[in-house]
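Q: Sharing my_file.txt (compact mmCIF, C-alpha atoms) below.
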```txt
# COMPACT_ATOMS: atom_id res chain seq x y z
CA MET A 1 -31.35 -36.16 -3.33
CA THR A 2 -32.56 -35.43 0.18
CA PHE A 3 -32.66 -32.02 1.74
CA SER A 4 -29.82 -32.84 4.12
CA GLU A 5 -27.63 -34.02 1.25
CA LEU A 6 -28.27 -30.82 -0.60
CA ALA A 7 -27.53 -28.80 2.53
CA ALA A 8 -24.28 -30.68 3.03
CA ILE A 9 -23.12 -30.03 -0.51
CA VAL A 10 -23.91 -26.34 -0.29
CA LEU A 11 -22.05 -26.16 3.03
CA LEU A 12 -19.02 -27.92 1.60
CA LEU A 13 -18.82 -25.72 -1.45
CA GLY A 14 -18.83 -22.82 0.97
CA LEU A 15 -16.04 -24.39 3.01
CA ALA A 16 -14.00 -25.07 -0.11
CA GLY A 17 -14.26 -21.40 -0.99
CA VAL A 18 -12.92 -20.53 2.44
CA GLY A 19 -9.60 -22.19 1.68
CA CYS A 20 -9.10 -20.71 -1.76
CA SER A 21 -7.57 -17.28 -2.04
CA ARG A 22 -7.01 -15.51 -5.29
CA SER A 23 -3.53 -14.74 -6.44
CA PRO A 24 -3.75 -11.75 -8.76
CA ALA A 25 -1.23 -11.24 -11.52
CA MET A 26 2.02 -9.43 -10.71
CA GLU A 27 1.03 -6.14 -12.31
CA PRO A 28 0.98 -3.62 -9.50
CA ASP A 29 0.09 -0.51 -11.45
CA ARG A 30 -3.01 -2.06 -12.88
CA ASN A 31 -3.83 -4.11 -9.83
CA PRO A 32 -3.51 -2.40 -6.43
CA GLN A 33 -4.57 -5.69 -4.88
CA GLN A 34 -1.04 -6.92 -5.52
CA GLY A 35 0.17 -4.18 -3.20
CA ALA A 36 -2.25 -5.34 -0.51
CA ILE A 37 -0.83 -8.86 -0.72
CA LEU A 38 2.72 -7.54 -0.45
CA LEU A 39 1.82 -5.33 2.52
CA SER A 40 0.58 -8.44 4.23
CA ALA A 41 3.44 -10.72 3.13
CA HIS A 42 6.15 -8.23 4.16
CA GLY A 43 4.60 -7.97 7.60
CA CYS A 44 3.83 -4.24 7.40
CA GLY A 45 0.50 -5.13 8.98
CA SER A 46 2.15 -6.40 12.16
CA CYS A 47 3.15 -2.78 12.86
CA HIS A 48 0.53 -0.75 10.96
CA THR A 49 -3.23 -0.78 10.78
CA ILE A 50 -3.98 -0.73 7.04
CA PRO A 51 -7.58 -0.84 5.75
CA GLY A 52 -8.18 -3.70 3.33
CA VAL A 53 -4.97 -5.59 4.13
CA SER A 54 -5.37 -9.04 5.62
CA GLY A 55 -4.47 -9.14 9.32
CA ALA A 56 -3.08 -5.59 9.31
CA SER A 57 -4.04 -4.28 12.74
CA GLY A 58 -0.63 -3.43 14.23
CA THR A 59 -0.15 -0.50 16.60
CA ILE A 60 3.65 -0.18 16.64
CA GLY A 61 3.62 2.48 13.89
CA PRO A 62 0.96 5.00 12.80
CA PRO A 63 -2.26 3.86 11.12
CA LEU A 64 -2.04 4.22 7.33
CA ALA A 65 -5.75 4.90 6.80
CA GLY A 66 -6.40 7.78 4.41
CA TYR A 67 -2.76 7.75 3.35
CA ALA A 68 -3.49 9.27 -0.08
CA ARG A 69 -4.46 12.50 1.65
CA ARG A 70 -1.55 12.65 4.09
CA ALA A 71 0.71 15.70 3.65
CA TYR A 72 3.94 14.30 5.12
CA ILE A 73 5.70 10.98 5.37
CA ALA A 74 6.85 10.45 8.98
CA GLY A 75 6.57 14.22 9.52
CA LYS A 76 9.53 14.77 7.17
CA LEU A 77 9.07 14.20 3.45
CA PRO A 78 6.28 15.54 1.24
CA ASN A 79 3.96 12.63 0.53
CA GLN A 80 4.77 11.76 -3.10
CA LEU A 81 5.27 8.44 -4.84
CA ASP A 82 9.06 8.56 -5.12
CA ASN A 83 9.46 9.70 -1.50
CA LEU A 84 7.08 7.04 -0.26
CA MET A 85 8.98 4.35 -2.16
CA ARG A 86 12.20 5.63 -0.63
CA TRP A 87 10.70 5.55 2.86
CA ILE A 88 9.38 2.02 2.42
CA ARG A 89 12.77 0.75 1.21
CA ASP A 90 15.11 2.71 3.47
CA PRO A 91 13.44 4.58 6.36
CA GLN A 92 16.70 4.58 8.34
CA SER A 93 18.40 6.82 5.78
CA ILE A 94 15.58 9.36 6.06
CA GLU A 95 15.21 9.22 9.81
CA PRO A 96 18.24 7.50 11.35
CA GLY A 97 17.28 5.54 14.44
CA THR A 98 13.52 5.45 13.75
CA ALA A 99 11.53 2.54 15.12
CA MET A 100 10.62 1.53 11.57
CA PRO A 101 13.39 -0.84 10.50
CA ASN A 102 14.78 -1.26 7.01
CA LEU A 103 13.11 -4.24 5.39
CA PRO A 104 14.24 -6.22 2.36
CA VAL A 105 11.84 -4.65 -0.14
CA ASN A 106 12.73 -4.29 -3.82
CA GLU A 107 11.75 -1.38 -6.00
CA ALA A 108 8.83 -3.05 -7.78
CA GLU A 109 7.41 -4.20 -4.46
CA ALA A 110 7.78 -0.74 -2.93
CA ARG A 111 5.96 0.74 -5.92
CA ALA A 112 3.13 -1.79 -5.64
CA MET A 113 2.71 -1.09 -1.93
CA ALA A 114 2.79 2.68 -2.47
CA VAL A 115 0.21 2.37 -5.25
CA TYR A 116 -2.04 0.49 -2.84
CA LEU A 117 -1.53 3.05 -0.05
CA TYR A 118 -2.58 5.78 -2.48
CA THR A 119 -5.92 4.05 -3.00
CA LEU A 120 -6.67 4.78 0.69
CA ARG A 121 -8.58 8.05 0.82
CA MET B 122 -45.36 -36.93 3.44
CA SER B 123 -46.60 -40.49 4.12
CA ALA B 124 -47.80 -41.70 7.47
CA ARG B 125 -44.88 -44.11 7.66
CA LEU B 126 -42.37 -41.28 7.45
CA THR B 127 -43.97 -39.11 10.08
CA GLY B 128 -43.96 -42.10 12.41
CA LYS B 129 -40.21 -42.06 13.14
CA PRO B 130 -38.95 -38.52 12.63
CA VAL B 131 -36.03 -38.93 15.02
CA LEU B 132 -34.54 -41.79 13.01
CA TYR B 133 -34.75 -39.80 9.81
CA VAL B 134 -33.06 -36.82 11.37
CA ILE B 135 -30.23 -39.00 12.64
CA ALA B 136 -29.83 -40.75 9.29
CA GLY B 137 -29.84 -37.41 7.49
CA ALA B 138 -27.19 -35.97 9.80
CA LEU B 139 -24.98 -39.05 9.37
CA GLY B 140 -25.37 -38.89 5.62
CA ALA B 141 -24.49 -35.21 5.62
CA ALA B 142 -21.41 -35.84 7.75
CA LEU B 143 -20.23 -38.63 5.43
CA LEU B 144 -20.81 -36.53 2.36
CA GLY B 145 -19.02 -33.68 4.04
CA ALA B 146 -15.97 -35.80 4.76
CA ALA B 147 -15.98 -37.11 1.19
CA ALA B 148 -16.27 -33.65 -0.34
CA MET B 149 -13.50 -32.38 1.93
CA GLY B 150 -11.31 -35.27 0.80
CA ILE B 151 -12.03 -34.55 -2.84
CA PHE B 152 -11.32 -30.88 -2.33
CA ILE B 153 -7.96 -31.57 -0.67
CA ALA B 154 -7.03 -34.15 -3.30
CA SER B 155 -7.88 -31.68 -6.06
CA GLY B 156 -4.98 -29.49 -4.87
CA ARG B 157 -7.07 -26.34 -5.05
CA TYR B 158 -6.22 -25.20 -1.53
CA ASP B 159 -3.66 -22.38 -1.81
CA ILE B 160 -0.88 -23.23 0.60
CA ALA B 161 1.52 -20.44 -0.57
CA ALA B 162 2.98 -18.60 2.41
CA MET B 163 3.06 -15.40 0.37
CA HIS B 164 -0.73 -15.27 0.05
CA PRO B 165 -2.61 -14.33 3.20
CA HIS B 166 -4.91 -16.83 4.90
CA THR B 167 -8.56 -16.16 4.25
CA GLN B 168 -10.31 -14.46 7.15
CA PRO B 169 -12.20 -17.52 8.46
CA VAL B 170 -9.06 -19.68 8.44
CA ARG B 171 -7.08 -17.00 10.26
CA THR B 172 -9.80 -16.49 12.82
CA ILE B 173 -9.96 -20.21 13.57
CA LEU B 174 -6.16 -20.58 13.82
CA LYS B 175 -5.82 -17.53 16.10
CA PHE B 176 -8.59 -18.73 18.36
CA LEU B 177 -7.07 -22.21 18.55
CA GLN B 178 -3.67 -20.69 19.36
CA ARG B 179 -4.98 -18.36 22.06
CA ARG B 180 -7.00 -21.05 23.80
CA SER B 181 -4.26 -23.65 23.60
CA ILE B 182 -1.58 -21.34 25.01
CA ALA B 183 -3.84 -20.17 27.84
CA PHE B 184 -4.74 -23.74 28.73
CA HIS B 185 -1.23 -25.18 28.67
CA ALA B 186 0.38 -22.27 30.51
CA ARG B 187 -2.25 -22.20 33.26
CA ASN B 188 -0.16 -23.89 35.93
CA LEU B 189 3.24 -22.39 35.17
CA VAL B 190 4.79 -20.35 37.96
CA ALA B 191 7.21 -17.59 37.00
CA PRO B 192 10.35 -17.37 39.11
CA ARG B 193 11.65 -14.02 40.29
CA PHE B 194 13.31 -12.60 37.24
CA ASP B 195 13.38 -8.82 37.61
CA GLN B 196 17.11 -8.51 38.22
CA PRO B 197 19.56 -6.65 35.97
CA GLU B 198 21.80 -9.71 35.43
CA VAL B 199 18.82 -11.74 34.29
CA ILE B 200 17.74 -9.02 31.84
CA GLN B 201 21.26 -8.85 30.43
CA ARG B 202 21.32 -12.61 29.94
CA GLY B 203 17.87 -12.38 28.33
CA LEU B 204 19.05 -9.63 25.98
CA ALA B 205 21.96 -11.79 24.80
CA LEU B 206 19.70 -14.80 24.24
CA TYR B 207 17.06 -12.65 22.55
CA ARG B 208 19.61 -11.32 20.11
CA GLU B 209 20.94 -14.79 19.43
CA HIS B 210 17.55 -16.48 18.94
CA CYS B 211 14.72 -14.05 18.36
CA VAL B 212 15.82 -10.90 16.48
CA SER B 213 16.13 -12.89 13.26
CA CYS B 214 12.36 -13.31 13.12
CA HIS B 215 10.79 -10.82 15.53
CA GLY B 216 13.17 -7.85 15.24
CA ALA B 217 13.65 -5.41 18.13
CA PRO B 218 13.01 -1.67 18.63
CA GLY B 219 14.48 -0.08 15.48
CA GLU B 220 16.08 -3.35 14.37
CA GLY B 221 14.53 -5.26 11.48
CA ARG B 222 14.19 -9.00 11.23
CA GLN B 223 16.68 -10.86 9.10
CA ARG B 224 16.04 -12.69 5.84
CA VAL B 225 14.94 -15.96 7.51
CA GLY B 226 12.16 -14.09 9.27
CA VAL B 227 10.80 -12.56 6.07
CA GLY B 228 8.01 -14.25 4.15
CA LEU B 229 6.76 -16.47 6.96
CA ASN B 230 3.02 -16.91 7.25
CA PRO B 231 1.84 -16.05 9.85
CA ASN B 232 4.32 -13.22 10.19
CA PRO B 233 6.36 -13.20 13.38
CA PRO B 234 4.99 -10.06 15.07
CA PRO B 235 7.19 -7.51 16.84
CA LEU B 236 7.27 -8.40 20.54
CA GLU B 237 7.27 -4.88 22.01
CA GLN B 238 3.62 -5.34 22.93
CA ALA B 239 3.72 -9.07 23.68
CA ILE B 240 3.24 -8.43 27.43
CA GLU B 241 0.09 -6.48 26.62
CA ARG B 242 -1.33 -9.61 24.98
CA TRP B 243 0.10 -12.47 27.04
CA SER B 244 1.01 -13.25 30.64
CA ASP B 245 4.64 -14.04 31.50
CA ALA B 246 3.73 -17.72 31.78
CA GLU B 247 2.15 -17.68 28.32
CA ILE B 248 5.22 -16.04 26.77
CA TYR B 249 7.39 -18.61 28.53
CA TRP B 250 5.28 -21.48 27.26
CA THR B 251 5.24 -20.15 23.68
CA THR B 252 9.00 -19.61 23.66
CA ALA B 253 9.81 -22.92 25.34
CA PHE B 254 7.56 -25.14 23.24
CA GLY B 255 6.98 -23.16 20.04
CA LEU B 256 3.80 -23.01 17.96
CA LYS B 257 2.65 -25.64 15.49
CA MET B 258 1.38 -24.34 12.14
CA ALA B 259 3.14 -21.04 12.73
CA GLY B 260 6.88 -21.44 12.18
CA MET B 261 7.60 -20.42 15.77
CA PRO B 262 10.35 -22.83 16.90
CA SER B 263 10.58 -24.39 20.35
CA PHE B 264 13.58 -22.96 22.19
CA LEU B 265 13.69 -25.24 25.22
CA LEU B 266 15.62 -27.73 23.07
CA GLY B 267 19.22 -27.34 24.13
CA ARG B 268 18.34 -24.62 26.65
CA THR B 269 17.30 -24.56 30.31
CA PRO B 270 14.05 -23.22 31.76
CA ALA B 271 16.04 -20.49 33.54
CA GLU B 272 17.36 -19.29 30.19
CA ILE B 273 13.86 -19.17 28.72
CA TRP B 274 12.65 -17.17 31.75
CA ALA B 275 15.54 -14.76 31.19
CA ILE B 276 14.29 -14.20 27.63
CA VAL B 277 10.79 -13.52 29.02
CA ALA B 278 12.32 -11.05 31.48
CA PHE B 279 13.90 -9.16 28.59
CA VAL B 280 10.71 -9.28 26.48
CA ARG B 281 8.92 -7.57 29.41
CA GLN B 282 11.48 -4.72 29.27
CA MET B 283 11.09 -4.41 25.49
CA ASN B 284 7.66 -2.94 26.17
CA ARG B 285 9.31 0.27 27.38
CA LEU B 286 12.43 0.43 25.19
CA SER B 287 12.88 3.15 22.61
CA PRO B 288 15.16 2.30 19.68
CA GLU B 289 17.84 4.44 21.31
CA GLU B 290 17.61 2.76 24.72
CA TYR B 291 17.72 -0.62 23.02
CA ARG B 292 20.87 0.36 21.11
CA ARG B 293 22.45 1.50 24.38
CA MET B 294 21.65 -1.83 26.02
CA VAL B 295 23.23 -3.66 23.11
CA SER B 296 26.40 -1.59 23.15
CA ALA B 297 26.62 -1.87 26.95
CA ARG B 298 26.82 -5.62 26.58
CA ALA B 299 29.60 -5.32 24.05
CA ASN B 300 31.39 -2.67 26.07
CA PRO B 301 30.83 -3.04 29.84
CA SER B 302 32.12 0.46 30.61
CA ASP B 303 28.90 1.74 28.99
CA THR B 304 26.63 -0.02 31.48
CA VAL B 305 26.34 3.01 33.74
CA ARG B 306 24.16 4.73 31.13
CA VAL B 307 21.75 1.84 30.89
CA GLN B 308 18.63 1.40 32.93
CA TRP B 309 18.06 -2.35 32.84
CA ILE B 310 14.67 -2.30 34.56
CA GLY B 311 12.02 0.34 34.07
CA LYS B 312 8.32 1.08 34.08
CA THR B 313 6.41 -0.75 31.35
CA ARG B 314 3.73 0.99 29.32
CA ALA B 315 1.05 -0.83 31.26
CA GLU B 316 2.51 0.43 34.54
CA ALA B 317 3.06 3.98 33.30
CA LEU B 318 -0.46 4.23 31.90
CA ALA B 319 -2.10 3.00 35.08
CA ARG B 320 -1.98 6.55 36.43
CA VAL B 321 -2.29 9.41 33.95
CA PRO B 322 -2.40 12.96 35.34
CA GLY B 323 -4.62 15.59 33.74
CA ASP B 324 -8.30 15.95 33.00
CA PRO B 325 -9.59 14.31 29.80
CA ALA B 326 -12.64 16.56 29.47
CA ARG B 327 -10.52 19.71 29.58
CA GLY B 328 -8.00 18.03 27.29
CA LYS B 329 -10.62 17.37 24.65
CA GLU B 330 -11.50 21.05 24.59
CA LEU B 331 -7.82 22.09 24.45
CA LEU B 332 -7.11 19.76 21.52
CA ARG B 333 -9.71 21.78 19.65
CA THR B 334 -8.60 25.24 20.71
CA PHE B 335 -4.91 24.53 20.04
CA GLY B 336 -5.80 23.51 16.50
CA CYS B 337 -4.35 20.01 16.82
CA ARG B 338 -7.38 18.88 14.87
CA SER B 339 -6.34 20.94 11.84
CA CYS B 340 -3.36 18.58 11.38
CA HIS B 341 -4.55 15.33 13.02
CA LEU B 342 -7.65 13.23 12.87
CA ILE B 343 -8.60 12.86 16.56
CA PRO B 344 -11.70 10.77 17.32
CA GLY B 345 -14.25 12.76 19.33
CA VAL B 346 -12.68 16.15 18.57
CA PRO B 347 -14.50 18.05 15.85
CA GLY B 348 -12.54 20.07 13.32
CA PRO B 349 -11.47 20.52 9.72
CA GLY B 350 -8.83 18.81 7.57
CA GLY B 351 -6.51 16.85 9.78
CA ASN B 352 -4.22 15.20 7.22
CA VAL B 353 -0.85 16.81 7.94
CA GLY B 354 0.23 14.38 10.67
CA PRO B 355 -0.82 10.79 11.46
CA PRO B 356 -4.34 10.05 12.71
CA LEU B 357 -4.37 9.70 16.51
CA THR B 358 -6.96 6.91 16.47
CA ARG B 359 -6.49 4.18 19.13
CA TRP B 360 -3.74 6.33 20.60
CA ALA B 361 -3.44 4.41 23.90
CA GLU B 362 -2.48 1.29 21.94
CA ARG B 363 0.32 2.95 19.97
CA GLN B 364 3.85 1.90 20.91
CA PHE B 365 5.89 4.88 19.71
CA ILE B 366 5.63 8.64 19.36
CA SER B 367 7.05 9.79 16.03
CA GLY B 368 8.99 6.51 15.85
CA ARG B 369 11.36 7.69 18.59
CA LEU B 370 9.85 7.83 22.06
CA VAL B 371 7.90 5.09 23.78
CA ASN B 372 4.28 6.15 24.09
CA MET B 373 3.94 6.94 27.82
CA PRO B 374 2.54 10.01 29.62
CA ASP B 375 5.84 11.80 30.35
CA ALA B 376 7.17 11.31 26.83
CA LEU B 377 3.90 12.40 25.25
CA ARG B 378 3.86 15.56 27.35
CA THR B 379 7.43 16.31 26.27
CA TRP B 380 6.46 15.79 22.62
CA ILE B 381 3.39 18.04 22.78
CA LEU B 382 5.35 20.80 24.53
CA ASN B 383 8.17 20.89 22.00
CA PRO B 384 8.38 18.38 19.12
CA PRO B 385 11.45 19.95 17.44
CA ALA B 386 13.43 19.37 20.66
CA ILE B 387 12.97 15.65 20.05
CA ASP B 388 13.21 15.70 16.27
CA PRO B 389 14.66 18.95 14.85
CA HIS B 390 13.31 18.28 11.33
CA THR B 391 9.75 17.40 12.24
CA ALA B 392 6.82 19.14 10.57
CA MET B 393 4.99 19.45 13.90
CA PRO B 394 5.64 22.84 15.52
CA ALA B 395 5.70 23.68 19.23
CA LEU B 396 2.30 25.18 19.99
CA GLY B 397 3.02 26.95 23.26
CA ALA B 398 0.91 24.82 25.60
CA THR B 399 1.66 24.94 29.32
CA VAL B 400 2.61 21.78 31.19
CA ALA B 401 -0.84 21.57 32.77
CA GLN B 402 -2.55 22.01 29.41
CA ALA B 403 -0.33 19.36 27.83
CA ASP B 404 -1.21 16.97 30.68
CA ASP B 405 -4.91 17.46 30.02
CA MET B 406 -4.43 16.71 26.32
CA VAL B 407 -2.38 13.64 27.23
CA ALA B 408 -5.21 12.46 29.46
CA TYR B 409 -7.73 12.76 26.62
CA LEU B 410 -5.50 11.02 24.05
CA TYR B 411 -5.16 8.01 26.37
CA THR B 412 -8.93 7.58 26.41
CA LEU B 413 -8.66 6.60 22.72
CA GLY B 414 -8.35 2.86 22.18
CA ALA B 415 -7.76 0.15 24.75
CA ARG B 416 -5.31 1.16 27.44
CA PRO B 417 -2.57 -1.48 27.87
CA ARG B 418 -3.03 -3.46 31.03
CA GLU B 419 -0.75 -5.95 32.70
CA ARG B 420 -2.00 -9.35 31.73
CA GLN B 421 -3.18 -11.20 34.80
CA GLN B 422 -0.08 -12.68 36.41
CA LYS B 423 -1.79 -15.02 38.79
CA ASN B 424 1.26 -17.23 39.00
CA ARG B 425 4.01 -14.83 39.98
CA SER B 426 6.18 -15.93 42.88
CA ARG B 427 7.24 -12.52 44.06
```
Would you mind writing the file's structure down as structure tokens?
A:
Amino acid sequence: MTFSELAAIVLLLGLAGVGCSRSPAMEPDRNPQQGAILLSAHGCGSCHTIPGVSGASGTIGPPLAGYARRAYIAGKLPNQLDNLMRWIRDPQSIEPGTAMPNLPVNEAEARAMAVYLYTLR
Amino acid sequence: MSARLTGKPVLYVIAGALGAALLGAAAMGIFIASGRYDIAAMHPHTQPVRTILKFLQRRSIAFHARNLVAPRFDQPEVIQRGLALYREHCVSCHGAPGEGRQRVGVGLNPNPPPLEQAIERWSDAEIYWTTAFGLKMAGMPSFLLGRTPAEIWAIVAFVRQMNRLSPEEYRRMVSARANPSDTVRVQWIGKTRAEALARVPGDPARGKELLRTFGCRSCHLIPGVPGPGGNVGPPLTRWAERQFISGRLVNMPDALRTWILNPPAIDPHTAMPALGATVAQADDMVAYLYTLGARPRERQQKNRSR
């Protein structure tokens, strides 16, 4: 095998890796990474900058960096899991008319996303 | 290495490169045929793939829109027409201030982004081109089919205004269309964020000092301003790029001054208190906050026939 052949194979294995992304099991509590995937899939990242979430660099809403340490949700609710899940599923009921729209998020998804946000310190 | 080999190094390099290219193509084919590439829309693209696609998209749009000339479209009737078309065609995927996308727009990859800041990323011609012809590999349909160029320009005219619409102003526009007697309360054309931020009163250096002395830093992380804690309210990083203040007001100098002077007047239940700053002090703080991040600028509109 020549050097260039070897180089080509190494390069291709690298390229192959580029196209593969992992799809972790649907167990949010044990795997915060599931929350990161949902934050990306639901498009939260088109409005929020969220560390560790693919493509999440939006500036429509506040950055969610360090969210585990945040005292309030949207300046209104104490930052606790159940409140955060409520906000993610139905912000309009907490702050009618806010620029964050209601999105079709189910309870398990909201929990997974909240669990991920609480890994951000 | 033998003498024969060293005699024709160029040939060997060429042969090696060709061999590598062939092998590369073969391995790529095998990889694709193996089915290992994850094509699920729910799973994000890997970073290199996204970077390449974004770059391709940006270059292609810039190139193809380079000779388009925007007509005059800053008239209230045109904006109204654009609003109607936007609601018919675009809200389902891109949403609007305070209005979520509908089910068809959920789960697309790439995600249709909100368009409030589209004019901070693209020229009018580029938005026209994207809307008229759509984007391959993105799920962005072409809207020129069955429509006229004038109608597409009307949509662009409305997208420009979206840059300065609060959720409340947007709702008023929508209800004014349904109920024409409401139109008096609607301002169809206004200053965009890029225009409003071109001139910011106040002195940033003084503002930086005031942000410290007023204790803003005890509740907010503010880059460049030293202080403790700062986790009660949102971080004010990249503030100039942020679209809304507290999810209600559009982030422009006048609105930000109003917020700093008296947050509960805007949102009675907010956890941010009024801190007793004077108007001049608030202006200085505003000036500093807009030094954070990239200030929105009008995209170059070289082809505007105005």
Q: Using only C-alpha atoms, determine which residues of chain B fall within 6 Å of chain A; present them as a compact mmCIF listing (two decimals) with C-alpha atoms, keeping the file's coordinate frame.
A:
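Final output, selection-v8.txt:
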```txt
# COMPACT_ATOMS: atom_id res chain seq x y z
CA GLY B 137 -29.84 -37.41 7.49
CA ALA B 141 -24.49 -35.21 5.62
CA TYR B 158 -6.22 -25.20 -1.53
CA ASP B 159 -3.66 -22.38 -1.81
CA MET B 163 3.06 -15.40 0.37
CA PRO B 218 13.01 -1.67 18.63
CA GLY B 219 14.48 -0.08 15.48
CA GLU B 220 16.08 -3.35 14.37
CA GLY B 221 14.53 -5.26 11.48
CA GLY B 228 8.01 -14.25 4.15
CA ASN B 232 4.32 -13.22 10.19
CA PRO B 234 4.99 -10.06 15.07
CA PRO B 288 15.16 2.30 19.68
CA ASN B 352 -4.22 15.20 7.22
CA VAL B 353 -0.85 16.81 7.94
CA ARG B 363 0.32 2.95 19.97
CA GLN B 364 3.85 1.90 20.91
CA GLY B 368 8.99 6.51 15.85
CA ARG B 369 11.36 7.69 18.59
CA THR B 391 9.75 17.40 12.24
CA ALA B 392 6.82 19.14 10.57
```
Q: Figure out the distance between atom CA of Val212 of chain B and atom CA of Ile366 of chain B, please, to one decimal in Å.
A: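 Atom-to-atom, atom CA of Ile366 of chain B and atom CA of Val212 of chain B are spaced 22.2 Å apart.
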Q: Atom CA of Gln80 of chain A to atom CA of Pro384 of chain B: how many Å, to one decimal?
A: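 Between these atoms lies a distance of 23.5 Å.
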Q: So, counting only C-alpha atoms, which residue among B:Ala136, B:Arg416, B:Gln238, B:Leu396 is closest to Phe365 of chain B?
A: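 Ranking B:Ala136, B:Arg416, B:Gln238, B:Leu396 by distance to Phe365 of chain B, first place goes to B:Gln238.
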Q: When you look at Gly311 of chain B with a cut-off of 9 Å (counting all atoms listed in the file), what residues show up, excluding the ones that are within fewer than 4 positions of it in the same chain? I need them as a list in words.
A: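 Contacts, with the query itself left out: Gln282, Arg285 and Leu286 of chain B.
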Q: I'd like a table as a Markdown table: residues in segment 345-375 of chain B with an atom no more than 10 Å from segment 316-327 of chain B, each row giving the shortest atom pair and its distance in Å to one decimal, all atoms listed in the file counted, sorted by chain and rising residue number.
A:
```
| residue | atom | partner | partner_atom | distance |
| --- | --- | --- | --- | --- |
| B:Ala361 | CA | B:Leu318 | CA | 8.5 |
| B:Asn372 | CA | B:Leu318 | CA | 9.3 |
| B:Met373 | CA | B:Ala317 | CA | 6.3 |
| B:Pro374 | CA | B:Val321 | CA | 6.5 |
| B:Asp375 | CA | B:Ala317 | CA | 8.8 |
```
Q: Can you write out the residues you just picked, keeping C-alpha atoms, as a CSV table (one decimal), keeping the file's coordinate frame?
A:
```csv
chain,number,residue,atom,x,y,z
B,361,ALA,CA,-3.4,4.4,23.9
B,372,ASN,CA,4.3,6.2,24.1
B,373,MET,CA,3.9,6.9,27.8
B,374,PRO,CA,2.5,10.0,29.6
B,375,ASP,CA,5.8,11.8,30.4
```
Q: Enter the distance from atom CA of Gly260 of chain B to atom CA of Ala205 of chain B, in Å, rounded to one decimal.
A: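 Those two atoms sit 21.9 Å apart.
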Q: Hey, which of B:Ala147, B:Met258, B:Arg418, B:Arg157 ends up closest to Arg171 of chain B? Count all atoms listed in the file.
A: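 The answer is B:Met258, which sits nearest to Arg171 of chain B.
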Q: Would you mind listing what lies within 12 Å of Glu209 of chain B as a ChimeraX atom specification, with all atoms listed in the file counted and same-chain residues fewer than 6 positions away left out?
A: /B:202-203,215-217,223,264,276,295
Q: With distances taken over only C-alpha atoms, which of B:Leu410, B:Cys214, B:Val227, B:Met393 is nearest to Val105 of chain A?
A: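 Nearest candidate to Val105 of chain A out of B:Leu410, B:Cys214, B:Val227, B:Met393: B:Val227.
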Q: Measuring atom to atom with all atoms listed in the file, identify which of B:Cys337, B:Trp380, B:Trp309, B:Leu204 is nearest to Pro349 of chain B.
A: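 So, comparing all the options, the nearest one is B:Cys337.
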